[in-house]
Every structure is written in C-alpha cells, then in structure tokens.
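Q: Before anything else, here's the structure in question.
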Amino acid sequence: MRAIRHGLGAFASVAVLLTGIAVAAEVRAAPAPAEELPASAPATGEPENFGASCRTVVRGSTVTAHCQNPYPRTDRVRLHVECERWWDVDSDSAPVDVAPADYGKLTGRCWKEVRSAWVTHQPADRAPEPAPVRGS
C-alpha cells in the first residue's frame with residue numbers, strides 16, 4: 001500500500017510539473033500586447049523621424065557631444081553641462097544646426113567635476129523671426 005501512495009505522489013508531481021512547463025511555453029509564445037501611444041505624443045500628422053543621435057563623453061572636467069543626424073529634417077542641438085561644485089558655473093552651449101546626414105560636435109566644461117550633461121533637440125526648419133526694433 002505504501003508503494004502505491006509513493007507512486008501516486010510521484011505521478012501527481014510529474015503531472016503538475018508538465019502542466020507548468022506547458023503553460024510557461026504558451027506564455028512565452030504569446031505575442032506581446034500592442035503598446036499604446038504615450039499621452040505626450042503629438043496628435044498632429046507630423047512624422048516622428050526627427051532628432052540627431054548624440055553620444056556624450058565626459059573626460060575630467062570637459063564634456064564633448066558627438067551628434068549625427070540620419071533624418072531628413074535639420075536638428076538644432078544644444079549641450080547643457082551641470083557642474084558638481086556649487087560655485088562652479090553651469091553652462092549651455094550655443095545652438096548648432098545638424099543638417100540631414102551631417103555631423104556636429106559640441107563641447108562644454110566645468111572648472112572641477114561634471115555632475116551631468118545632456119543634449120536638447122529642436123526643429124530648425126525655419127529660422128526664428130527677429131524681434132522688432134523699437135525707437136528707430
């Protein structure tokens with residue numbers, strides 16, 4: 001009688017194990033759910049193919065950003081550098097237009113350590129209109 005109980009227990013364990021493997025295989029084979037657009041996505045018909053690909057390198061107190069634009073729209077990029085020391089002045093570079101299939105290099109620095117550095121992007125399809133001159 002004892003052998004039958006052990007046999008049934010082993011059989012039940014194997015059945016549960018095989019069922020678990022089958023369920024895991026089905027879950028793994030199931031397609032991923034479709035991602036919904038984030039709430040901040042633009043609602044216009046404007047294509048999303050915009051923005052240069054930038055790589056930022058920090059060496060000591062110097063920051064260099066290398067940007068390459070694979071898209072058909074010109075991207076205006078700026079490098080922003082935040083310094084670690086409270087007395088060290090944070091800096092923003094002048095905007096650089098990176099044309100389609102073009103390359104741009106931006107540099108910045110701190111006196112001492114760099115806390116963080118990042119690049120911002122802006123479409124540069126049309127130049128900003130100059131402010132009207134008053135009093136002339």
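By convention here, the chains of the structure tokens are called A, B, ... in the order presented, each chain's residues are numbered starting at 1, and ligands are numbered starting at 1 in the order presented.
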Near range 85-100 of chain A, counting only C-alpha atoms, which residues have an atom at most 8 Å away, once you skip same-chain residues fewer than 6 positions from it, shown as a list in words?

A: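 Contacts, with the query itself left out: Ala52, Cys67, Gln68, Asn69, Pro70, Tyr71, Pro72, Arg73, Thr74, Asp75, Arg76, Val77, Arg78, Leu79, Leu106, Thr107, Gly108, Arg109, Cys110, Trp111, Lys112, Glu113 and Ala124 of chain A.
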
Q: Rounded to one decimal place, report the CA of Ser61 in chain A-CA of Pro123 in chain A distance in Å.

A: 29.5 Å
